[in-house]
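Trainee: The following block contains the structure, expressed as structure tokens.
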Amino acid sequence: MKTINAQHRQVIGDQILAWVGRLLNEHTRASDVAFHYEEDVFTILCPWTSSDVANKVAGRLVTLVAEAKPPVEADIAVTLAAGTATCPDHAREGQALYHQAQRALLAMRASGR
């Protein structure tokens with residue numbers, strides 16, 4: 001987001017964040033909760049979801065955002081990276097689960113995906 005804000009103004013960055021949030025909410029289950037967590041980080045809580053399903057959902061959302069065009073004046077390609085963690089597979093407490101998801105996200109970014 002820093003690059004988008006620097007090149008196209010913060011208002012464009014804010015519009016893209018709102019657009020990504022709408023996409024995530026529109027393409028997840030009614031029982032899921034997608035929200036903007038910090039800067040350019042979104043979190044989706046998916047109750048009663050296995051690791052396999054969480055990974056498939058994350059992959060589908062990454063593809064969806066990459067293929068869509070944000071409704072902004074500038075021609076900007078938006079990409080999404082995702083990390084998943086599930087309870088009880090990766091952790092049992094919220095904070096530990098979130099940190100595990102962050103580690104998974106950093107590993108995905110480091111691998112170039």
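Lettering and numbering for the structure tokens are positional, with chains as A, B, ... in the shown order, residues counted from 1 in each chain, and ligands counted from 1 in the shown order.
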Just the strand (DSSP E) stuff from chain A, please, per backbone DSSP, written as an MDAnalysis selection string.
Mentor: chainID A and resid 33:38 41:45
Trainee: If we count only C-alpha atoms and set the cut-off at 12 Å, which residues sit around Asn55 of chain A, ignoring sequence neighbours fewer than 2 positions away in its own chain? Please answer as a compact mmCIF listing (two decimals) with N, CA and C atoms, in the first residue's frame.
Mentor:
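Saved result, result17.txt, follows:
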# COMPACT_ATOMS: atom_id res chain seq x y z
N CYS A 46 -12.85 -18.00 10.09
CA CYS A 46 -13.72 -18.99 9.46
C CYS A 46 -14.00 -20.11 10.48
N THR A 49 -13.58 -24.63 10.33
CA THR A 49 -12.97 -24.83 9.02
C THR A 49 -11.67 -25.60 9.18
N SER A 50 -11.51 -26.65 8.39
CA SER A 50 -10.29 -27.46 8.43
C SER A 50 -9.14 -26.73 7.75
N SER A 51 -7.94 -27.18 8.00
CA SER A 51 -6.76 -26.58 7.37
C SER A 51 -6.84 -26.68 5.85
N ASP A 52 -7.29 -27.83 5.36
CA ASP A 52 -7.40 -28.04 3.91
C ASP A 52 -8.37 -27.03 3.29
N VAL A 53 -9.53 -26.87 3.89
CA VAL A 53 -10.52 -25.93 3.37
C VAL A 53 -10.00 -24.49 3.49
N VAL A 57 -9.71 -21.90 0.41
CA VAL A 57 -10.37 -20.59 0.44
C VAL A 57 -9.36 -19.48 0.22
N ALA A 58 -8.24 -19.55 0.92
CA ALA A 58 -7.19 -18.54 0.76
C ALA A 58 -6.71 -18.48 -0.68
N GLY A 59 -6.47 -19.63 -1.29
CA GLY A 59 -6.03 -19.67 -2.68
C GLY A 59 -7.05 -19.08 -3.62
N ARG A 60 -8.33 -19.38 -3.37
CA ARG A 60 -9.40 -18.85 -4.21
C ARG A 60 -9.46 -17.32 -4.09
N LEU A 61 -9.32 -16.80 -2.88
CA LEU A 61 -9.37 -15.35 -2.69
C LEU A 61 -8.17 -14.65 -3.30
N VAL A 62 -7.00 -15.26 -3.21
CA VAL A 62 -5.80 -14.70 -3.84
C VAL A 62 -6.03 -14.58 -5.35
N ALA A 81 -1.50 -11.81 -0.72
CA ALA A 81 -0.76 -12.96 -0.20
C ALA A 81 -1.56 -13.46 1.00
N ALA A 82 -1.52 -14.76 1.25
CA ALA A 82 -2.33 -15.32 2.32
C ALA A 82 -1.55 -16.33 3.14
N GLY A 83 -1.82 -16.32 4.41
CA GLY A 83 -1.30 -17.32 5.33
C GLY A 83 -2.46 -17.84 6.14
N THR A 84 -2.49 -19.12 6.43
CA THR A 84 -3.60 -19.68 7.18
C THR A 84 -3.10 -20.38 8.44
N ALA A 85 -3.98 -20.45 9.41
CA ALA A 85 -3.73 -21.20 10.63
C ALA A 85 -5.09 -21.64 11.15
N THR A 86 -5.17 -22.85 11.65
CA THR A 86 -6.44 -23.36 12.14
C THR A 86 -6.31 -23.91 13.56
N ALA A 101 -0.59 -17.68 11.73
CA ALA A 101 -1.04 -17.24 10.40
C ALA A 101 -0.06 -16.22 9.83
N ALA A 104 2.91 -18.07 8.54
CA ALA A 104 2.57 -18.72 7.27
C ALA A 104 2.57 -17.71 6.13
N LEU A 105 2.06 -16.52 6.39
CA LEU A 105 2.05 -15.46 5.38
C LEU A 105 3.47 -15.06 5.00
N MET A 108 4.98 -17.63 2.79
CA MET A 108 4.47 -17.56 1.42
C MET A 108 5.15 -16.42 0.67
Trainee: Tell me which protein, DNA and RNA residues are within 10 Å of segment 28-40 of chain A, counting only C-alpha atoms, leaving out same-chain ones fewer than 5 positions away, and put them as an MDAnalysis selection string.
Mentor: chainID A and resid 1:2 13:14 16:18 20:23 45:49 57 61 80
Trainee: Next, dump the selected residues to file, keeping only N, CA and C atoms, as a PDB file, in the first residue's frame.
Mentor:
ATOM      1  N   MET A   1       0.805  -1.187   0.000  1.00  0.00           N
ATOM      2  CA  MET A   1       0.000   0.000   0.000  1.00  0.00           C
ATOM      3  C   MET A   1       0.857   1.263   0.000  1.00  0.00           C
ATOM      4  N   LYS A   2       2.012   1.179   0.600  1.00  0.00           N
ATOM      5  CA  LYS A   2       2.869   2.358   0.644  1.00  0.00           C
ATOM      6  C   LYS A   2       3.213   2.823  -0.760  1.00  0.00           C
ATOM      7  N   GLY A  13      -5.331   4.455  -2.411  1.00  0.00           N
ATOM      8  CA  GLY A  13      -5.014   3.335  -1.525  1.00  0.00           C
ATOM      9  C   GLY A  13      -6.177   2.985  -0.624  1.00  0.00           C
ATOM     10  N   ASP A  14      -6.841   3.991  -0.077  1.00  0.00           N
ATOM     11  CA  ASP A  14      -8.002   3.756   0.784  1.00  0.00           C
ATOM     12  C   ASP A  14      -9.148   3.108   0.002  1.00  0.00           C
ATOM     13  N   ILE A  16      -8.831   1.167  -2.586  1.00  0.00           N
ATOM     14  CA  ILE A  16      -8.441  -0.223  -2.853  1.00  0.00           C
ATOM     15  C   ILE A  16      -8.647  -1.076  -1.610  1.00  0.00           C
ATOM     16  N   LEU A  17      -8.276  -0.562  -0.443  1.00  0.00           N
ATOM     17  CA  LEU A  17      -8.503  -1.320   0.796  1.00  0.00           C
ATOM     18  C   LEU A  17      -9.993  -1.604   0.991  1.00  0.00           C
ATOM     19  N   ALA A  18     -10.841  -0.615   0.763  1.00  0.00           N
ATOM     20  CA  ALA A  18     -12.289  -0.804   0.899  1.00  0.00           C
ATOM     21  C   ALA A  18     -12.794  -1.827  -0.108  1.00  0.00           C
ATOM     22  N   VAL A  20     -11.049  -4.333  -1.531  1.00  0.00           N
ATOM     23  CA  VAL A  20     -10.600  -5.661  -1.120  1.00  0.00           C
ATOM     24  C   VAL A  20     -11.496  -6.173   0.008  1.00  0.00           C
ATOM     25  N   GLY A  21     -11.803  -5.324   0.965  1.00  0.00           N
ATOM     26  CA  GLY A  21     -12.694  -5.727   2.055  1.00  0.00           C
ATOM     27  C   GLY A  21     -14.048  -6.188   1.550  1.00  0.00           C
ATOM     28  N   ARG A  22     -14.614  -5.454   0.588  1.00  0.00           N
ATOM     29  CA  ARG A  22     -15.902  -5.859   0.008  1.00  0.00           C
ATOM     30  C   ARG A  22     -15.788  -7.206  -0.693  1.00  0.00           C
ATOM     31  N   LEU A  23     -14.716  -7.388  -1.482  1.00  0.00           N
ATOM     32  CA  LEU A  23     -14.534  -8.671  -2.168  1.00  0.00           C
ATOM     33  C   LEU A  23     -14.455  -9.829  -1.175  1.00  0.00           C
ATOM     34  N   LEU A  45     -11.905 -14.744   9.834  1.00  0.00           N
ATOM     35  CA  LEU A  45     -12.167 -15.795  10.801  1.00  0.00           C
ATOM     36  C   LEU A  45     -13.205 -16.723  10.194  1.00  0.00           C
ATOM     37  N   CYS A  46     -12.854 -17.996  10.094  1.00  0.00           N
ATOM     38  CA  CYS A  46     -13.719 -18.994   9.464  1.00  0.00           C
ATOM     39  C   CYS A  46     -14.001 -20.109  10.478  1.00  0.00           C
ATOM     40  N   PRO A  47     -15.078 -19.979  11.239  1.00  0.00           N
ATOM     41  CA  PRO A  47     -15.357 -20.997  12.254  1.00  0.00           C
ATOM     42  C   PRO A  47     -15.580 -22.371  11.637  1.00  0.00           C
ATOM     43  N   TRP A  48     -15.141 -23.370  12.361  1.00  0.00           N
ATOM     44  CA  TRP A  48     -15.339 -24.770  11.976  1.00  0.00           C
ATOM     45  C   TRP A  48     -14.815 -25.062  10.582  1.00  0.00           C
ATOM     46  N   THR A  49     -13.584 -24.634  10.327  1.00  0.00           N
ATOM     47  CA  THR A  49     -12.968 -24.826   9.016  1.00  0.00           C
ATOM     48  C   THR A  49     -11.667 -25.602   9.175  1.00  0.00           C
ATOM     49  N   VAL A  57      -9.709 -21.898   0.415  1.00  0.00           N
ATOM     50  CA  VAL A  57     -10.375 -20.594   0.436  1.00  0.00           C
ATOM     51  C   VAL A  57      -9.355 -19.481   0.218  1.00  0.00           C
ATOM     52  N   LEU A  61      -9.320 -16.797  -2.884  1.00  0.00           N
ATOM     53  CA  LEU A  61      -9.374 -15.352  -2.686  1.00  0.00           C
ATOM     54  C   LEU A  61      -8.168 -14.645  -3.296  1.00  0.00           C
ATOM     55  N   LEU A  80      -2.705 -10.276  -3.603  1.00  0.00           N
ATOM     56  CA  LEU A  80      -2.969 -10.643  -2.225  1.00  0.00           C
ATOM     57  C   LEU A  80      -2.085 -11.826  -1.878  1.00  0.00           C
TER      58      LEU A  80
END
Trainee: Mind the document's chain letters and residue numbers, and return as a PyMOL selection string the residues of segment 6-113 of chain A that DSSP labels alpha helix (DSSP H).
Mentor: chain A and resi 6-8+10-26+51-67+94-110
Trainee: For each of A:Leu24, A:Ile12, A:Ile4, A:Val41, take the minimum atom-to-atom distance to Leu64 of chain A, counting only C-alpha atoms, then give the residue where this is smallest.
Mentor: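 Closest residue, counting only C-alpha atoms: A:Leu24.
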Trainee: From the options A:Leu106, A:Gln7, A:Trp19, A:Gly112, which residue's atoms come nearest to Pro71 of chain A, counting only C-alpha atoms?
Mentor: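 Closest candidate: A:Trp19.
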Trainee: Kindly give the distance, in Å, that separates atom CA of His8 of chain A and atom CA of Arg109 of chain A, rounded to a single decimal.
Mentor: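 The value is 24.0 Å.
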Trainee: For the atom pair atom CA of Asn5 of chain A and atom CA of Lys69 of chain A, what is the interatomic distance in Å to one decimal place?
Mentor: 17.2 Å
Trainee: Smallest atom-to-atom distance to Thr79 of chain A: which of A:Gln10, A:Asn25, A:Thr3, A:Thr63, using only C-alpha atoms?
Mentor: A:Thr63
Trainee: For a quick check of understanding, using only C-alpha atoms, which of A:Ala6, A:Val11, A:Ala74, A:Val65 has the smallest distance to Glu26 of chain A?
Mentor: A:Val65
Trainee: I'd like the interatomic distance between atom CA of His99 of chain A and atom CA of Pro70 of chain A, to a tenth of an Å.
Mentor: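 Interatomic distance here is 29.2 Å.
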